[in-house]
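Down below is the structure, laid out as structure tokens.
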Protein chains: 2
Amino acid sequence: MNKSFQLVDGAAGGAFHFEEVYPTVDCGRFPVKRISSERVEVWADIYRDGGDVTRAHLVWRHDGERDWKSVSMTHHTDDRWVGTFVPDRPGRYVYAVEAWTDEFATWRDAFARKHQTGADATVDAIVGAGMLTKARAGGPDATAVILKQCEIFLQTGNVTALLTDELEHAMAESQFRPDLSRSQLFPLVVDRARAGVGAWYEMMPRSQAAAGNKAAAGNKAAADNYGAADNKDAMAGTHATFKDCTARLADIAAMNFDVICLPPIHPIGWTHRKGRDNTLPAMDGDPGSPYAIGAAAGGHDAVHPELGTLDDFRDFIAACTERNLEVALTLAAQCSPDHPWVTEHPQWFKRRPDGSLLQAENPSETCDDIVVFDFACEDSASLWNALRDVVLFWVEQGVKIFRADNPQAKPLPFWEWLIQEVQRRDPGVIFLAEAFTRSKIMKGLAKLGFSQSYTRFTSCTTKAELEHYLGELTCYPTRDYFRPNFFANTTDILPYHLQGGEVWMFKSRAALAAMLSASYGIYNGFELIEHDALPGSEEYRASDKFEIKPRDWDKAGHIKPYLGLINRIRRENPSLQQTANLRFIAVDDGNVIAFVKQSDDMTNAVAVVIALSRDIHDIWLPIGDTKLDIGGERRHVAAVENLVSGARTMLDWGGLSLRIEPDRDPALFLRCLA
Amino acid sequence: MNKSFQLVDGAAGGAFHFEEVYPTVDCGRFPVKRISSERVEVWADIYRDGGDVTRAHLVWRHDGERDWKSVSMTHHTDDRWVGTFVPDRPGRYVYAVEAWTDEFATWRDAFARKHQTGADATVDAIVGAGMLTKARAGGPDATAVILKQCEIFLQTGNVTALLTDELEHAMAESQFRPDLSRSQLFPLVVDRARAGVGAWYEMMPRSQAAAGNKAAAGNKAAADNYGAADNKDAMAGTHATFKDCTARLADIAAMNFDVICLPPIHPIGWTHRKGRDNTLPAMDGDPGSPYAIGAAAGGHDAVHPELGTLDDFRDFIAACTERNLEVALTLAAQCSPDHPWVTEHPQWFKRRPDGSLLQAENPSETCDDIVVFDFACEDSASLWNALRDVVLFWVEQGVKIFRADNPQAKPLPFWEWLIQEVQRRDPGVIFLAEAFTRSKIMKGLAKLGFSQSYTRFTSCTTKAELEHYLGELTCYPTRDYFRPNFFANTTDILPYHLQGGEVWMFKSRAALAAMLSASYGIYNGFELIEHDALPGSEEYRASDKFEIKPRDWDKAGHIKPYLGLINRIRRENPSLQQTANLRFIAVDDGNVIAFVKQSDDMTNAVAVVIALSRDIHDIWLPIGDTKLDIGGERRHVAAVENLVSGARTMLDWGGLSLRIEPDRDPALFLRCLA
């Protein structure tokens, strides 16, 4: 780079200005996110003074590689350029835009004009030939072309030797680039596919024994040692083990889920243990909240004895893997007062002047069973490292997905650091932010590194709300850093609209979650139409969080086949494995939502129509403008296949007349055919 | 700042995220612009984890000062904060946003809640009192309040002593701020008023002698020495001097102009001198283009001998200052082949292989009378310094405004460096970019430092074009770095719409330029309805650029009183001294444009209606929603005063029925009355 361009203090430097680079997140402060093998299409305004010929390149580099990769950018119009690259593996990348003046092409344009006028251009020809002699940056093919044309010109004096397109290309590759300029570097995080798509089934392990089952004998012994055996009979159900969980896998795999999400599986504290329905004090036999992590049996790197041993957990993971199910573990960065760290590292905890531990608080309740870290304590480095090592421990056991519990209540810089620390070692690790809070904090958590995020979907019900919210999520820049995971219900939320126990509504919500978002999930019990809430709240009555809740997993009225169906449809249609490819279709019914999703290669498109109210809906679905790629040719959609019934229907006048009877089925899934 | 927040490599650091800061230009790469004493209203999204009480400050600092100034920001809604400061003098500033957790206020909220429940809060009270003992950052008043309340609490044990608003304010000022975080620094350039507002009269000094006048004897001697005397008789007119220019000042001041803009006033080269109407070769007596700078008599820091001496120029400036006229000088960073630098610094110039100098080129013509600098030559530092010293030389002579000629043809980093170098020494110096080129380059020049810019206005004629273009200029972010200067004509452009010589059109264009943009200008001859173009082009026939063109400055049909009128109206109405305060009014006539401008304090508002075609227009002007501040009270506009006739008209049904007869007057200027 020419030294004269280095004179300005604080200027980015370089002959060129690079502006309005797309995609970027907060001016490059945070990374853009992509899935491995997904295209990164980069746009930028690029200009310098004057009218010389500009060349631009998009350059990028994986963190683990030394060399930059590079691809030519194309001038679109009005100084706007575009280029594309495809990152081929997970990890952190940087990309930038480079530009330089193609002096040879500039010379060639001016020379060709002058040559045509018949004016004496001898000296001008020498200028061009002189550039050939200085061009040494290219590969051997380009060098050969340059040498050959240079020789022809010198031997014949024929200037047309300097004007061939072949030579211009060779010179574009090879010439001296004194004013080469580079934009700032923009970060990019590339994740494996599961970060972008998956159907999640969250379950409470201790409740997985079927109603009436007894714990396995081996586990009973462990539980005895733990001191909980005396109270067994007082429990509503038997504490299930990882073996019971394994026994549930066939059922869950039959529903075609991809991820099994677990709450904390660690020893549960005794001090201020919470009783059923979040009442105090706990009664004999109450198992406590799994979020009160830590007891004599261990802390964040131990397994709750009543669930089994670490080996049992590893066996459970192996059994999941066999069925193509992946395990996600909840990471709750908090402790029960009985956690070993409380005595081993007293300095890690927030305390009051009398030395007592500070409990977790939120505006409506105090959680005396949970004490909180002082992330900014003097010894914070060892605390942060210990929490990182907890994650790395479970990574070693085979867990590659972590759901961070209430991440909005821990320092933002902690998460940014933690996620980078872990992904630097294993870029395949996925972090889900379980935050329900102010929109900007939720987005901020996604920006600083969370691979996926909980959303407002759970309580978003009207057509206007859904279309508005999905509009926000699927538009730039949100879509480039925030990957939604739509939960129809959660451990903590039985939304009001499900409390009536209407089956059509459960189906409608599952269909919305599964079809609108590439990642979605349910909490166990949803498939059984569980809908009993604490009065005036969205908390489950007799919640799994505070008691063992055995269930009849084949209870009459369950919708397991329906969930299996929508998950199968998701698996079979690539267009449903993305989120930002959503296009809403205007239908003339305020309680029917309709959209089309189409795969990037345009070979797969599915139209989805979902009822938001229980009455019968007759609608007109205008999807005739959807085009499909059939063997490289683009054709308008001509018919659709109902992915449930298999029935095919021709489009008429560019659309379809459809009837939805929610009580039969609140949603239609129609694959487009050309 | 707590060290635990320093762990993340490359992160901006700090407990808080600062996002969507407004105003900024290209993420803070370039400065926002303001006029001295103009408000800078800063908005930002600010958040951290959790729900603790956040405080935010806007901080700023003038380049020449060591200490930061600071003002509290207010929480608007949804984590968005706002604060305002007023820079009180020209110069470069930086500003930033700071945030910290008000632990005392957070404690107070929680404590007050607990206190109300009647629960034992003794230990909690001690936590709060403990904060008092650590609060040492505030002023003496705050410290006194804290000591007093602390003492009351210790003596009486009465916790209400810890809950007073006075104490909360004192603690907000004084407490320990361990998590104080700061955003990046954003640059700001503050200019003196003339950078934002002014009526410009550009004149060619050598043509300022009235037709038939003779050069003063003293100057004739100088011209004789220069060797041009022999050809005097062949000239169409007599070469005017700065003394002749001074004689014109009364006329120009009577038109109420603010700035007199001059082309280069330096010795003109002889080699390849251009003849009349840009023909080659020059004939005996042709004075050459003033843009071919440099001859035996000197270069960029010399005065063309036929115009007079440097002392004469200083006298001219003094005469301008007396009449409240300011001089703007053109800075053309190029040379004639006869410039002393060509022999003194041969390395500064672009050359061809045979050693010959490279001429200035543009796609349509070669300018053999001008050779170009090699801004990236080995010796570029001395070239850049020499050009800076040229500017500083003229600053010393009293010139504080420079119009850069074709800045888009010189390196962007050169301008950024030059403007900073000059303004660091004298922040009152104003630079105008005379660029007519691609939109992004024009904006880029404004971003990198030009105080004002030429615009597309000169060729922008239809209502839709004008409204669209002004919309772009008056919206964020353009309005925050690009200050337009609307020229109705220029040395180089006699726009097609003026070539018919229709007086109403000249008036309409002057009114548009003067009323739409706070800075506007004309090139001499406009006031005389000069409209003779070279066929098929927008170049003046017999242009001043290539010959001496004496004029009868009182030629029949001139519109000097009209220009004097609109400039007086501009001076008397503060609302017309801004650009971004523009609001178009919808009128039902495609050839009438209407708008209201209102001063920031709402005391002055002017409605302007201008005809874009010659036919008579009857329109309805709905301006009833305009509000005025009358002694602190906001009132709707009730009447208007015609600023030309003085006639007052009451509004009826929220508007006015108006007739425009362009041949009488194409524009109406109506001051709003309440």
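Note on naming: chains are A, B, ... as they come in the structure tokens, residues start from 1 per chain, ligands start from 1 in the order shown.
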Helix (DSSP H, G or I) residues, from DSSP on the backbone, in stretch 135-339 of chain A, as an MDAnalysis selection string:
chainID A and resid 140:156 159:162 165:174 193:195 205:207 217:226 229:234 242:254 276:278 305:307 310:322
Would you please extract all strand (DSSP E) residues from stretch 336-553 of chain B, as assigned by DSSP on the backbone, and give them as a ChimeraX atom specification?
/B:359-362,365-371,401-405,430-434,452-453,485-487,519-523
Using only C-alpha atoms, determine which residues lie at most 12 Å from B:Asp369, disregarding the query and same-chain residues fewer than 2 positions distant; provide the list as a VMD selection string.
chain B and resid 268 to 275 278 to 282 288 to 295 334 to 339 357 to 361 365 to 367 371 to 372 546
Residues within 10 Å of B:Pro411, only C-alpha atoms, excluding chain neighbours under 6 positions, as a list in words:
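Here the answer would be Phe5, Gly14, Ala15, Phe16, Arg48, Asp49 and Gly50 of chain A; Asp374, Phe375 and Ala376 of chain B.
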I'd like the neighbourhood of A:Ser519 as a PDB file with N, CA, C and O atoms, in the first residue's frame, where a residue qualifies if any of its atoms comes within 9 Å (using only C-alpha atoms), though same-chain residues fewer than 3 positions away should be ignored.
```
ATOM      1  N   ARG A 194     -27.438 -28.302  13.042  1.00  0.00           N
ATOM      2  CA  ARG A 194     -28.400 -28.367  14.144  1.00  0.00           C
ATOM      3  C   ARG A 194     -28.625 -27.002  14.800  1.00  0.00           C
ATOM      4  O   ARG A 194     -29.664 -26.773  15.436  1.00  0.00           O
ATOM      5  N   ALA A 195     -27.695 -26.084  14.662  1.00  0.00           N
ATOM      6  CA  ALA A 195     -27.896 -24.740  15.207  1.00  0.00           C
ATOM      7  C   ALA A 195     -29.061 -24.044  14.508  1.00  0.00           C
ATOM      8  O   ALA A 195     -29.696 -23.155  15.073  1.00  0.00           O
ATOM      9  N   GLY A 196     -29.336 -24.477  13.283  1.00  0.00           N
ATOM     10  CA  GLY A 196     -30.377 -23.804  12.503  1.00  0.00           C
ATOM     11  C   GLY A 196     -31.691 -24.547  12.442  1.00  0.00           C
ATOM     12  O   GLY A 196     -32.727 -23.950  12.196  1.00  0.00           O
ATOM     13  N   VAL A 197     -31.673 -25.846  12.654  1.00  0.00           N
ATOM     14  CA  VAL A 197     -32.911 -26.603  12.473  1.00  0.00           C
ATOM     15  C   VAL A 197     -32.989 -27.756  13.470  1.00  0.00           C
ATOM     16  O   VAL A 197     -31.992 -28.432  13.725  1.00  0.00           O
ATOM     17  N   GLY A 198     -34.161 -27.975  14.022  1.00  0.00           N
ATOM     18  CA  GLY A 198     -34.355 -29.098  14.926  1.00  0.00           C
ATOM     19  C   GLY A 198     -35.701 -29.023  15.616  1.00  0.00           C
ATOM     20  O   GLY A 198     -36.226 -27.939  15.874  1.00  0.00           O
ATOM     21  N   ALA A 199     -36.258 -30.201  15.895  1.00  0.00           N
ATOM     22  CA  ALA A 199     -37.503 -30.294  16.668  1.00  0.00           C
ATOM     23  C   ALA A 199     -37.114 -30.779  18.061  1.00  0.00           C
ATOM     24  O   ALA A 199     -36.501 -31.837  18.209  1.00  0.00           O
ATOM     25  N   TRP A 200     -37.442 -29.971  19.051  1.00  0.00           N
ATOM     26  CA  TRP A 200     -36.979 -30.231  20.418  1.00  0.00           C
ATOM     27  C   TRP A 200     -38.101 -30.799  21.281  1.00  0.00           C
ATOM     28  O   TRP A 200     -39.227 -30.298  21.280  1.00  0.00           O
ATOM     29  N   GLN A 452     -28.895 -19.852  19.248  1.00  0.00           N
ATOM     30  CA  GLN A 452     -30.350 -19.869  19.122  1.00  0.00           C
ATOM     31  C   GLN A 452     -30.940 -19.125  20.308  1.00  0.00           C
ATOM     32  O   GLN A 452     -30.286 -18.985  21.330  1.00  0.00           O
ATOM     33  N   ARG A 483     -31.350 -16.596  15.753  1.00  0.00           N
ATOM     34  CA  ARG A 483     -32.033 -17.786  15.243  1.00  0.00           C
ATOM     35  C   ARG A 483     -33.105 -18.174  16.247  1.00  0.00           C
ATOM     36  O   ARG A 483     -32.809 -18.582  17.365  1.00  0.00           O
ATOM     37  N   PRO A 484     -34.364 -18.040  15.873  1.00  0.00           N
ATOM     38  CA  PRO A 484     -35.438 -18.316  16.826  1.00  0.00           C
ATOM     39  C   PRO A 484     -35.614 -19.813  17.067  1.00  0.00           C
ATOM     40  O   PRO A 484     -35.347 -20.634  16.199  1.00  0.00           O
ATOM     41  N   ASN A 485     -36.033 -20.154  18.271  1.00  0.00           N
ATOM     42  CA  ASN A 485     -36.500 -21.502  18.587  1.00  0.00           C
ATOM     43  C   ASN A 485     -37.872 -21.313  19.229  1.00  0.00           C
ATOM     44  O   ASN A 485     -37.992 -20.778  20.329  1.00  0.00           O
ATOM     45  N   PHE A 486     -38.909 -21.717  18.497  1.00  0.00           N
ATOM     46  CA  PHE A 486     -40.290 -21.448  18.917  1.00  0.00           C
ATOM     47  C   PHE A 486     -40.781 -22.572  19.838  1.00  0.00           C
ATOM     48  O   PHE A 486     -40.983 -23.691  19.377  1.00  0.00           O
ATOM     49  N   PHE A 487     -40.966 -22.264  21.095  1.00  0.00           N
ATOM     50  CA  PHE A 487     -41.542 -23.255  22.007  1.00  0.00           C
ATOM     51  C   PHE A 487     -43.042 -23.007  22.171  1.00  0.00           C
ATOM     52  O   PHE A 487     -43.468 -21.895  22.449  1.00  0.00           O
ATOM     53  N   ALA A 513     -45.550 -23.345  15.388  1.00  0.00           N
ATOM     54  CA  ALA A 513     -44.166 -23.364  15.839  1.00  0.00           C
ATOM     55  C   ALA A 513     -43.294 -24.140  14.860  1.00  0.00           C
ATOM     56  O   ALA A 513     -42.223 -23.680  14.448  1.00  0.00           O
ATOM     57  N   ALA A 514     -43.764 -25.306  14.447  1.00  0.00           N
ATOM     58  CA  ALA A 514     -42.951 -26.205  13.637  1.00  0.00           C
ATOM     59  C   ALA A 514     -42.770 -25.703  12.209  1.00  0.00           C
ATOM     60  O   ALA A 514     -41.757 -25.977  11.576  1.00  0.00           O
ATOM     61  N   LEU A 516     -43.369 -22.279  11.134  1.00  0.00           N
ATOM     62  CA  LEU A 516     -42.834 -20.919  11.021  1.00  0.00           C
ATOM     63  C   LEU A 516     -41.334 -20.898  11.287  1.00  0.00           C
ATOM     64  O   LEU A 516     -40.586 -20.178  10.625  1.00  0.00           O
ATOM     65  N   GLN A 577     -36.853 -26.312   6.660  1.00  0.00           N
ATOM     66  CA  GLN A 577     -35.691 -26.361   7.548  1.00  0.00           C
ATOM     67  C   GLN A 577     -34.968 -25.014   7.597  1.00  0.00           C
ATOM     68  O   GLN A 577     -33.809 -24.924   7.990  1.00  0.00           O
ATOM     69  N   GLN A 578     -35.647 -23.980   7.149  1.00  0.00           N
ATOM     70  CA  GLN A 578     -35.123 -22.611   7.248  1.00  0.00           C
ATOM     71  C   GLN A 578     -36.200 -21.724   7.852  1.00  0.00           C
ATOM     72  O   GLN A 578     -37.365 -22.099   7.881  1.00  0.00           O
ATOM     73  N   THR A 579     -35.800 -20.539   8.269  1.00  0.00           N
ATOM     74  CA  THR A 579     -36.782 -19.610   8.837  1.00  0.00           C
ATOM     75  C   THR A 579     -36.945 -18.355   7.985  1.00  0.00           C
ATOM     76  O   THR A 579     -38.051 -17.907   7.709  1.00  0.00           O
TER      77      THR A 579
END
```
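For the atom pair formed by atom CA of A:Gln175 and atom CA of A:Arg113, the distance is 21.9 Å, given to one decimal.
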Shell around B:Leu147 at 10 Å using only C-alpha atoms, local window under 3 positions removed, as a PDB file with N, CA and C atoms, in the first residue's frame:
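So the final result, stored in part_37.pdb, reads:
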```
ATOM      1  N   LEU B 132     -23.241   4.256  51.475  1.00  0.00           N
ATOM      2  CA  LEU B 132     -23.002   5.675  51.762  1.00  0.00           C
ATOM      3  C   LEU B 132     -21.536   5.903  52.127  1.00  0.00           C
ATOM      4  N   THR B 133     -21.004   4.968  52.897  1.00  0.00           N
ATOM      5  CA  THR B 133     -19.635   5.174  53.388  1.00  0.00           C
ATOM      6  C   THR B 133     -18.608   5.071  52.273  1.00  0.00           C
ATOM      7  N   ALA B 135     -19.186   6.251  49.139  1.00  0.00           N
ATOM      8  CA  ALA B 135     -19.503   7.215  48.075  1.00  0.00           C
ATOM      9  C   ALA B 135     -18.627   8.455  48.212  1.00  0.00           C
ATOM     10  N   ALA B 142     -23.240  17.157  47.538  1.00  0.00           N
ATOM     11  CA  ALA B 142     -23.697  15.780  47.612  1.00  0.00           C
ATOM     12  C   ALA B 142     -23.086  15.083  48.825  1.00  0.00           C
ATOM     13  N   THR B 143     -21.811  15.344  49.057  1.00  0.00           N
ATOM     14  CA  THR B 143     -21.139  14.707  50.187  1.00  0.00           C
ATOM     15  C   THR B 143     -21.795  15.107  51.510  1.00  0.00           C
ATOM     16  N   ALA B 144     -22.156  16.374  51.602  1.00  0.00           N
ATOM     17  CA  ALA B 144     -22.803  16.857  52.820  1.00  0.00           C
ATOM     18  C   ALA B 144     -24.122  16.136  53.062  1.00  0.00           C
ATOM     19  N   CYS B 150     -26.410   9.693  56.679  1.00  0.00           N
ATOM     20  CA  CYS B 150     -25.699   8.575  57.274  1.00  0.00           C
ATOM     21  C   CYS B 150     -25.707   8.732  58.807  1.00  0.00           C
ATOM     22  N   GLU B 151     -25.448   9.958  59.235  1.00  0.00           N
ATOM     23  CA  GLU B 151     -25.388  10.248  60.663  1.00  0.00           C
ATOM     24  C   GLU B 151     -26.756  10.032  61.322  1.00  0.00           C
ATOM     25  N   ILE B 152     -27.800  10.533  60.649  1.00  0.00           N
ATOM     26  CA  ILE B 152     -29.151  10.353  61.204  1.00  0.00           C
ATOM     27  C   ILE B 152     -29.453   8.867  61.386  1.00  0.00           C
ATOM     28  N   PHE B 153     -29.111   8.097  60.361  1.00  0.00           N
ATOM     29  CA  PHE B 153     -29.396   6.666  60.423  1.00  0.00           C
ATOM     30  C   PHE B 153     -28.622   6.011  61.574  1.00  0.00           C
ATOM     31  N   LEU B 167     -31.178  12.121  49.112  1.00  0.00           N
ATOM     32  CA  LEU B 167     -30.063  11.186  49.249  1.00  0.00           C
ATOM     33  C   LEU B 167     -29.857  10.401  47.955  1.00  0.00           C
TER      34      LEU B 167
END
```
What's around A:Thr101 at 9 Å? Count only C-alpha atoms, leave out sequence neighbours fewer than 3 positions away in its own chain, and write the answer as a PyMOL selection string.
chain A and resi 48+52-56+104-106+177-180
Store the residues picked out above in a file with N, CA and C atoms, as a tab-separated table (two decimals), in the first residue's frame.
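Ended up saving to result.tsv:
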```
chain	number	residue	atom	x	y	z
A	48	ARG	N	-13.40	5.30	-5.25
A	48	ARG	CA	-12.25	6.15	-5.00
A	48	ARG	C	-12.43	7.38	-5.88
A	52	ASP	N	-10.96	5.83	-12.86
A	52	ASP	CA	-10.17	4.67	-13.24
A	52	ASP	C	-10.93	3.38	-12.98
A	53	VAL	N	-10.50	2.31	-13.66
A	53	VAL	CA	-11.19	1.02	-13.52
A	53	VAL	C	-10.88	0.42	-12.15
A	54	THR	N	-11.93	0.11	-11.41
A	54	THR	CA	-11.79	-0.47	-10.08
A	54	THR	C	-12.00	-1.98	-10.14
A	55	ARG	N	-11.21	-2.72	-9.38
A	55	ARG	CA	-11.47	-4.16	-9.17
A	55	ARG	C	-11.71	-4.36	-7.68
A	56	ALA	N	-12.59	-5.26	-7.36
A	56	ALA	CA	-12.87	-5.52	-5.94
A	56	ALA	C	-12.89	-7.02	-5.69
A	104	PHE	N	-3.92	-1.15	-15.72
A	104	PHE	CA	-3.79	-1.63	-17.10
A	104	PHE	C	-5.11	-1.50	-17.84
A	105	ALA	N	-6.20	-1.90	-17.19
A	105	ALA	CA	-7.51	-1.78	-17.85
A	105	ALA	C	-7.84	-0.32	-18.10
A	106	THR	N	-7.45	0.55	-17.17
A	106	THR	CA	-7.68	1.99	-17.34
A	106	THR	C	-6.90	2.49	-18.55
A	177	ARG	N	-0.26	-3.66	-7.54
A	177	ARG	CA	-1.47	-3.01	-6.99
A	177	ARG	C	-1.10	-2.02	-5.91
A	178	PRO	N	-0.50	-0.90	-6.31
A	178	PRO	CA	0.01	0.01	-5.28
A	178	PRO	C	-1.07	0.60	-4.37
A	179	ASP	N	-2.30	0.67	-4.84
A	179	ASP	CA	-3.33	1.32	-4.00
A	179	ASP	C	-4.32	0.31	-3.42
A	180	LEU	N	-3.91	-0.95	-3.35
A	180	LEU	CA	-4.78	-1.97	-2.75
A	180	LEU	C	-5.25	-1.51	-1.36
```
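Using only C-alpha atoms, the nearest neighbour of chain A within the list B:His304, B:Lys545, B:Arg29, B:Arg648 is B:Arg29.
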Pick the closest to A:Pro477 from A:Ala446, A:Leu325, A:Val145, A:Ala674: which is it, counting only C-alpha atoms?
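Answer, going by the shortest atom-to-atom distance: A:Ala446.
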Closest atom pairs, stretch 461-491 of chain B residues within 9 Å of stretch 582-593 of chain B, only C-alpha atoms, as a tab-separated table:
```
residue	atom	partner	partner_atom	distance
B:Thr462	CA	B:Asn591	CA	7.6
B:Lys463	CA	B:Ile593	CA	6.2
B:Ala464	CA	B:Gly590	CA	8.4
B:Leu466	CA	B:Ile593	CA	8.7
B:Glu467	CA	B:Phe584	CA	7.5
B:Leu470	CA	B:Leu582	CA	8.4
B:Gly471	CA	B:Leu582	CA	8.8
B:Thr474	CA	B:Leu582	CA	7.3
```
